[in-house]
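Structure file data09.txt (compact mmCIF, C-alpha atoms) is printed below.
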# COMPACT_ATOMS: atom_id res chain seq x y z
CA MET Z 1 81.76 94.82 105.59
CA PRO Z 2 84.08 97.82 106.18
CA ASP Z 3 84.37 100.35 103.37
CA MET Z 4 87.50 100.71 101.24
CA ASP Z 5 88.71 103.89 102.98
CA SER Z 6 88.65 102.29 106.43
CA ARG Z 7 90.46 99.20 105.17
CA VAL Z 8 93.17 101.32 103.50
CA SER Z 9 93.53 103.34 106.69
CA ARG Z 10 93.84 100.15 108.72
CA GLU Z 11 96.50 98.73 106.40
CA PHE Z 12 98.39 102.05 106.49
CA ILE Z 13 98.51 102.10 110.29
CA GLN Z 14 99.54 98.43 110.43
CA LYS Z 15 102.36 99.15 107.96
CA LYS Z 16 103.54 102.08 110.07
CA ILE Z 17 103.51 99.95 113.24
CA VAL Z 18 105.58 97.21 111.61
CA THR Z 19 108.03 99.73 110.10
CA HIS Z 20 108.59 101.56 113.41
CA ASN Z 21 109.00 98.25 115.23
CA LEU Z 22 111.76 97.19 112.83
CA GLU Z 23 113.48 100.58 113.04
CA ILE Z 24 113.42 100.49 116.84
CA LYS Z 25 114.86 96.97 116.92
CA ALA Z 26 117.67 98.06 114.56
CA LEU Z 27 118.38 101.10 116.76
CA ILE Z 28 118.49 98.90 119.87
CA GLN Z 29 121.11 96.74 118.14
CA ASP Z 30 123.17 99.85 117.37
CA ILE Z 31 122.93 101.06 120.98
CA SER Z 32 124.06 97.62 122.19
CA HIS Z 33 127.42 98.18 120.42
CA VAL Z 34 127.99 101.81 121.44
CA SER Z 35 131.04 102.37 123.63
CA GLY Z 36 131.16 106.16 123.46
CA PRO Z 37 131.12 109.04 123.43
CA MET Z 38 128.17 109.96 125.61
CA GLU Z 39 126.95 112.53 123.08
CA LEU Z 40 126.46 109.78 120.49
CA LEU Z 41 124.41 107.73 122.93
CA ASN Z 42 122.31 110.80 123.78
CA ASP Z 43 121.59 111.38 120.08
CA MET Z 44 120.58 107.74 119.62
CA ASN Z 45 118.41 107.98 122.73
CA ALA Z 46 116.61 111.01 121.34
CA GLU Z 47 115.99 109.18 118.06
CA GLY Z 48 114.76 106.09 119.92
CA ARG Z 49 112.38 108.06 122.13
CA GLU Z 50 110.92 109.79 119.08
CA LYS Z 51 110.37 106.48 117.27
CA LEU Z 52 108.81 104.94 120.39
CA ALA Z 53 106.47 107.91 120.73
CA GLN Z 54 105.44 107.58 117.08
CA LEU Z 55 104.91 103.84 117.49
CA ARG Z 56 102.71 104.39 120.53
CA LYS Z 57 100.68 106.98 118.62
CA TYR Z 58 99.98 104.55 115.77
CA ILE Z 59 99.06 101.77 118.21
CA GLU Z 60 96.59 104.11 119.95
CA GLN Z 61 95.07 105.01 116.56
CA TYR Z 62 94.67 101.32 115.78
CA GLU Z 63 92.99 100.74 119.16
CA ILE Z 64 90.50 103.51 118.32
CA MET Z 65 89.73 101.71 115.06
CA VAL Z 66 89.11 98.51 117.06
CA ARG Z 67 86.55 100.25 119.24
CA GLU Z 68 84.81 101.80 116.22
CA THR Z 69 84.57 98.53 114.22
CA SER Z 70 80.97 97.29 114.14
CA ASP Z 71 81.61 93.81 112.69
CA LEU Z 72 81.99 91.46 115.68
CA THR Z 73 84.30 88.91 114.01
CA GLU Z 74 86.60 91.56 112.57
CA ARG Z 75 86.55 93.39 115.89
CA GLN Z 76 87.80 90.28 117.73
CA ASP Z 77 90.60 89.78 115.18
CA MET Z 78 91.66 93.42 115.43
CA LYS Z 79 91.56 93.26 119.22
CA LYS Z 80 94.05 90.37 119.20
CA GLU Z 81 96.30 92.33 116.83
CA ALA Z 82 96.12 95.40 119.10
CA GLU Z 83 97.10 93.30 122.12
CA SER Z 84 100.03 91.87 120.14
CA TYR Z 85 101.16 95.38 119.15
CA GLN Z 86 101.02 96.51 122.79
CA GLN Z 87 103.09 93.52 123.90
CA GLN Z 88 105.67 94.20 121.16
CA PHE Z 89 105.84 97.85 122.21
CA THR Z 90 106.38 96.99 125.87
CA SER Z 91 109.05 94.46 124.91
CA SER Z 92 110.83 96.96 122.64
CA LEU Z 93 110.74 99.63 125.34
CA ALA Z 94 112.23 97.24 127.89
CA ALA Z 95 114.94 96.19 125.40
CA PHE Z 96 115.64 99.87 124.66
CA ARG Z 97 116.07 100.54 128.38
CA GLN Z 98 118.36 97.54 128.86
CA ALA Z 99 120.51 98.49 125.86
CA ASN Z 100 120.90 102.01 127.26
CA VAL Z 101 121.86 100.75 130.69
CA SER Z 102 124.53 98.49 129.19
CA ALA Z 103 125.87 101.24 126.92
CA MET Z 104 126.03 103.74 129.78
CA PHE Z 105 127.95 101.33 131.98
CA ARG Z 106 130.38 100.61 129.12
CA ILE Z 107 131.02 104.31 128.61
CA GLU Z 108 131.44 104.90 132.35
CA LYS Z 109 133.81 101.94 132.63
CA ALA Z 110 135.85 103.22 129.68
CA ALA Z 111 136.08 106.65 131.30
CA LYS Z 112 137.25 105.14 134.60
CA THR Z 113 139.85 103.06 132.77
CA GLU Z 114 141.10 106.17 131.02
CA LEU Z 115 141.28 108.00 134.35
CA LEU Z 116 143.35 105.23 135.89
CA SER Z 117 145.65 105.17 132.90
CA HIS Z 118 146.23 108.90 133.33
CA SER Z 119 147.05 108.31 136.99
CA ASP Z 120 149.74 105.81 136.07
CA ARG Z 121 151.48 108.09 133.61
CA ASN Z 122 154.62 109.88 134.57
CA GLU Z 123 153.42 113.49 134.49
CA GLY Z 124 154.05 116.59 136.54
CA GLY Z 125 152.24 116.73 139.87
CA GLY Z 126 150.28 119.90 139.07
CA ASP Z 127 149.24 118.71 135.63
CA LEU Z 128 148.30 115.30 136.99
CA ARG Z 129 146.11 116.72 139.74
CA ALA Z 130 144.44 119.10 137.32
CA ARG Z 131 143.74 116.27 134.87
CA GLN Z 132 142.40 114.07 137.69
CA ARG Z 133 140.07 116.81 138.87
CA LYS Z 134 138.87 117.31 135.30
CA ASP Z 135 138.32 113.59 134.78
CA LYS Z 136 136.50 113.23 138.09
CA ALA Z 137 134.24 116.15 137.19
CA GLY Z 138 133.55 114.48 133.84
CA LEU Z 139 132.72 111.18 135.54
CA ALA Z 140 130.41 112.91 138.01
CA LYS Z 141 128.59 114.66 135.16
CA MET Z 142 128.38 111.38 133.23
CA SER Z 143 126.98 109.54 136.26
CA THR Z 144 124.34 112.25 136.65
CA ASN Z 145 123.40 111.90 132.98
CA VAL Z 146 123.21 108.14 133.33
CA THR Z 147 120.91 108.45 136.34
CA ASP Z 148 118.67 110.96 134.56
CA GLN Z 149 118.45 108.75 131.46
CA LEU Z 150 117.55 105.69 133.52
CA LEU Z 151 114.89 107.59 135.46
CA TYR Z 152 113.36 108.89 132.23
CA ILE Z 153 113.28 105.47 130.59
CA SER Z 154 111.84 103.88 133.76
CA ARG Z 155 109.07 106.48 133.91
CA ASN Z 156 108.36 105.97 130.22
CA LEU Z 157 108.14 102.22 130.69
CA ALA Z 158 105.82 102.58 133.69
CA ASP Z 159 103.61 105.02 131.75
CA THR Z 160 103.46 102.65 128.80
CA THR Z 161 102.58 99.69 131.01
CA GLN Z 162 99.76 101.70 132.59
CA ARG Z 163 98.47 102.76 129.16
CA SER Z 164 98.56 99.17 127.98
CA ALA Z 165 96.58 98.00 131.01
CA GLU Z 166 93.98 100.75 130.51
CA THR Z 167 93.71 99.96 126.80
CA LEU Z 168 93.23 96.25 127.39
CA GLU Z 169 90.58 97.02 130.02
CA THR Z 170 88.80 99.34 127.57
CA LEU Z 171 88.88 96.71 124.84
CA ALA Z 172 87.60 94.09 127.27
CA ASN Z 173 84.72 96.36 128.34
CA SER Z 174 83.92 97.13 124.71
CA SER Z 175 83.87 93.43 123.90
CA THR Z 176 81.54 92.80 126.84
CA SER Z 177 79.23 95.57 125.63
CA VAL Z 178 79.18 94.09 122.13
CA HIS Z 179 78.28 90.66 123.48
CA SER Z 180 75.57 92.19 125.68
CA THR Z 181 74.14 94.13 122.73
CA ARG Z 182 74.21 91.01 120.58
CA ASP Z 183 72.30 89.05 123.26
CA GLU Z 184 69.73 91.85 123.52
CA LEU Z 185 69.30 91.90 119.75
CA MET Z 186 68.87 88.12 119.68
CA THR Z 187 66.24 88.37 122.44
CA THR Z 188 64.47 91.18 120.60
CA SER Z 189 64.57 89.15 117.39
CA GLY Z 190 62.98 86.22 119.19
CA VAL Z 191 60.23 88.44 120.56
CA ILE Z 192 59.60 89.89 117.10
CA GLN Z 193 59.38 86.42 115.56
CA GLN Z 194 56.99 85.30 118.29
CA SER Z 195 54.86 88.41 117.79
CA GLY Z 196 54.80 87.75 114.05
CA SER Z 197 53.59 84.21 114.66
CA LEU Z 198 50.84 85.47 116.99
CA LEU Z 199 49.76 88.11 114.47
CA ALA Z 200 49.60 85.50 111.71
CA LYS Z 201 47.57 83.25 114.00
CA TYR Z 202 45.17 86.08 114.86
CA GLY Z 203 44.92 86.93 111.16
CA ARG Z 204 43.84 83.38 110.31
CA ARG Z 205 41.38 83.39 113.19
CA GLU Z 206 39.92 86.69 112.00
CA LEU Z 207 39.43 85.22 108.53
CA THR Z 208 37.74 82.16 110.01
CA ASP Z 209 35.41 84.38 112.08
CA LYS Z 210 34.46 86.36 108.98
CA VAL Z 211 33.65 83.17 107.05
CA LEU Z 212 31.52 81.83 109.92
CA LEU Z 213 29.77 85.15 110.25
CA PHE Z 214 29.03 85.12 106.51
CA PHE Z 215 27.53 81.63 106.66
CA ALA Z 216 25.56 82.54 109.77
CA PHE Z 217 24.15 85.59 108.04
CA ALA Z 218 23.38 83.54 104.92
CA PHE Z 219 21.63 80.90 107.03
CA PHE Z 220 19.62 83.57 108.87
CA PHE Z 221 18.65 85.17 105.57
CA ALA Z 222 17.61 81.78 104.13
CA CYS Z 223 15.47 81.10 107.21
CA ASP Z 224 13.75 84.49 106.81
CA LEU Z 225 13.00 83.73 103.17
CA THR Z 226 11.63 80.30 104.02
CA LEU Z 227 9.44 81.72 106.79
CA ALA Z 228 8.16 84.46 104.51
CA ALA Z 229 7.31 81.88 101.85
CA ILE Z 230 5.39 79.75 104.37
CA LEU Z 231 3.42 82.76 105.60
CA ALA Z 232 2.64 83.77 102.06
CA THR Z 233 1.15 80.35 101.22
CA SER Z 234 -0.92 80.15 104.41

What is this file in structure tokens?
Amino acid sequence: MPDMDSRVSREFIQKKIVTHNLEIKALIQDISHVSGPMELLNDMNAEGREKLAQLRKYIEQYEIMVRETSDLTERQDMKKEAESYQQQFTSSLAAFRQANVSAMFRIEKAAKTELLSHSDRNEGGGDLRARQRKDKAGLAKMSTNVTDQLLYISRNLADTTQRSAETLETLANSSTSVHSTRDELMTTSGVIQQSGSLLAKYGRRELTDKVLLFFAFAFFFACDLTLAAILATS
């Protein structure tokens, strides 16, 4: 049975994982309704990336606890929980990426609509051209930011997927090692039991040999006494 400290630590990490999952899902919902400005989306992205990084850290800590758990039954249960946490993390990261893509396209579309509305206004030619150049520069900068954000999220998702695959492989190898060790222990236990039976058998045989030897010696001694008595009477 695990000690109290390890159980408290396990419950603490599980609580943190659940809390961060809920916070990330709430943030994804907020991002899904963002229509601008881009600075607000960037702030929400920074918050989301930080929460995702914290969530991944707690999941990795839990996976370490899985590998260090000696009880086979509890280890299997914790392994299933770790796999579930990894799947939830991957799903949340994908949802975070999709929400950002949608929000970025909404902001870009709103900026284009505003640019077109400026083009239709009855303004002076110089002022109109200056405003158009400014708006186009803003759109170009926004498109660059959108591309950079998408590349970052895609790399993060790929890195997380790779980590999840490596973790699952490690857990699978650990489980195989545990099963192999258990089989070896069972084999060793069988050998020990068989050796104990043989030693008990040899112990009984040794006792029987001692009894027979005692009777043989007693018989030999009795024969000597009888022979000595016969010689004495002759």

Would you kindly return, as a compact mmCIF listing (two decimals) with C-alpha atoms, in the coordinates of the input, each protein, DNA or RNA residue with an atom no farther than 7 Å from any atom of segment 70-85 of chain Z, considering only C-alpha atoms and excluding same-chain residues fewer than 5 positions away?
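And here is the file that came out, out_0.txt:
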# COMPACT_ATOMS: atom_id res chain seq x y z
CA ILE Z 59 99.06 101.77 118.21
CA TYR Z 62 94.67 101.32 115.78
CA GLU Z 63 92.99 100.74 119.16

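Atom CA of Glu50 of chain Z to atom CA of Glu108 of chain Z spans 24.9 Å [interatomic distance, one decimal].
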
Practice task
Report the distance between atom CA of Leu93 of chain Z and atom CA of Ile24 of chain Z in Å, rounded to one decimal place.
Solution key: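 Atom CA of Leu93 of chain Z sits 9.0 Å away from atom CA of Ile24 of chain Z.
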
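Atom to atom, atom CA of Gln88 of chain Z and atom CA of Leu52 of chain Z stand 11.2 Å apart.
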
Completion exercise
The residue from Z:Leu55, Z:Val66, Z:Ile13, Z:Ala95 with the smallest atom-to-atom distance to Lys25 of chain Z, counting all atoms listed in the file, is Z:Ala95

Reconstruct segment 53-67 of chain Z at the level of N, CA and C atoms, and format the result as a PDB file, keeping the file's coordinate frame.
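Result file follows (selection.pdb):
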ATOM      1  N   ALA Z  53     107.661 107.067 120.611  1.00  0.00           N
ATOM      2  CA  ALA Z  53     106.470 107.910 120.730  1.00  0.00           C
ATOM      3  C   ALA Z  53     105.582 107.783 119.491  1.00  0.00           C
ATOM      4  N   GLN Z  54     106.203 107.752 118.308  1.00  0.00           N
ATOM      5  CA  GLN Z  54     105.440 107.580 117.080  1.00  0.00           C
ATOM      6  C   GLN Z  54     104.755 106.211 117.048  1.00  0.00           C
ATOM      7  N   LEU Z  55     105.484 105.196 117.470  1.00  0.00           N
ATOM      8  CA  LEU Z  55     104.910 103.840 117.490  1.00  0.00           C
ATOM      9  C   LEU Z  55     103.710 103.786 118.421  1.00  0.00           C
ATOM     10  N   ARG Z  56     103.829 104.382 119.597  1.00  0.00           N
ATOM     11  CA  ARG Z  56     102.710 104.390 120.530  1.00  0.00           C
ATOM     12  C   ARG Z  56     101.510 105.141 119.968  1.00  0.00           C
ATOM     13  N   LYS Z  57     101.779 106.216 119.217  1.00  0.00           N
ATOM     14  CA  LYS Z  57     100.680 106.980 118.620  1.00  0.00           C
ATOM     15  C   LYS Z  57      99.920 106.128 117.610  1.00  0.00           C
ATOM     16  N   TYR Z  58     100.639 105.397 116.768  1.00  0.00           N
ATOM     17  CA  TYR Z  58      99.980 104.550 115.770  1.00  0.00           C
ATOM     18  C   TYR Z  58      99.215 103.404 116.436  1.00  0.00           C
ATOM     19  N   ILE Z  59      99.761 102.843 117.504  1.00  0.00           N
ATOM     20  CA  ILE Z  59      99.060 101.770 118.210  1.00  0.00           C
ATOM     21  C   ILE Z  59      97.761 102.302 118.815  1.00  0.00           C
ATOM     22  N   GLU Z  60      97.806 103.507 119.384  1.00  0.00           N
ATOM     23  CA  GLU Z  60      96.590 104.110 119.950  1.00  0.00           C
ATOM     24  C   GLU Z  60      95.562 104.378 118.860  1.00  0.00           C
ATOM     25  N   GLN Z  61      96.008 104.808 117.677  1.00  0.00           N
ATOM     26  CA  GLN Z  61      95.070 105.010 116.560  1.00  0.00           C
ATOM     27  C   GLN Z  61      94.431 103.686 116.149  1.00  0.00           C
ATOM     28  N   TYR Z  62      95.212 102.635 116.149  1.00  0.00           N
ATOM     29  CA  TYR Z  62      94.670 101.320 115.780  1.00  0.00           C
ATOM     30  C   TYR Z  62      93.654 100.859 116.822  1.00  0.00           C
ATOM     31  N   GLU Z  63      93.927 101.130 118.097  1.00  0.00           N
ATOM     32  CA  GLU Z  63      92.990 100.740 119.160  1.00  0.00           C
ATOM     33  C   GLU Z  63      91.666 101.500 119.023  1.00  0.00           C
ATOM     34  N   ILE Z  64      91.727 102.750 118.573  1.00  0.00           N
ATOM     35  CA  ILE Z  64      90.500 103.510 118.320  1.00  0.00           C
ATOM     36  C   ILE Z  64      89.705 102.854 117.199  1.00  0.00           C
ATOM     37  N   MET Z  65      90.403 102.403 116.152  1.00  0.00           N
ATOM     38  CA  MET Z  65      89.730 101.710 115.060  1.00  0.00           C
ATOM     39  C   MET Z  65      89.065 100.424 115.545  1.00  0.00           C
ATOM     40  N   VAL Z  66      89.705  99.732 116.490  1.00  0.00           N
ATOM     41  CA  VAL Z  66      89.110  98.510 117.060  1.00  0.00           C
ATOM     42  C   VAL Z  66      87.785  98.834 117.719  1.00  0.00           C
ATOM     43  N   ARG Z  67      87.775  99.892 118.522  1.00  0.00           N
ATOM     44  CA  ARG Z  67      86.550 100.250 119.240  1.00  0.00           C
ATOM     45  C   ARG Z  67      85.435 100.718 118.300  1.00  0.00           C
TER      46      ARG Z  67
END
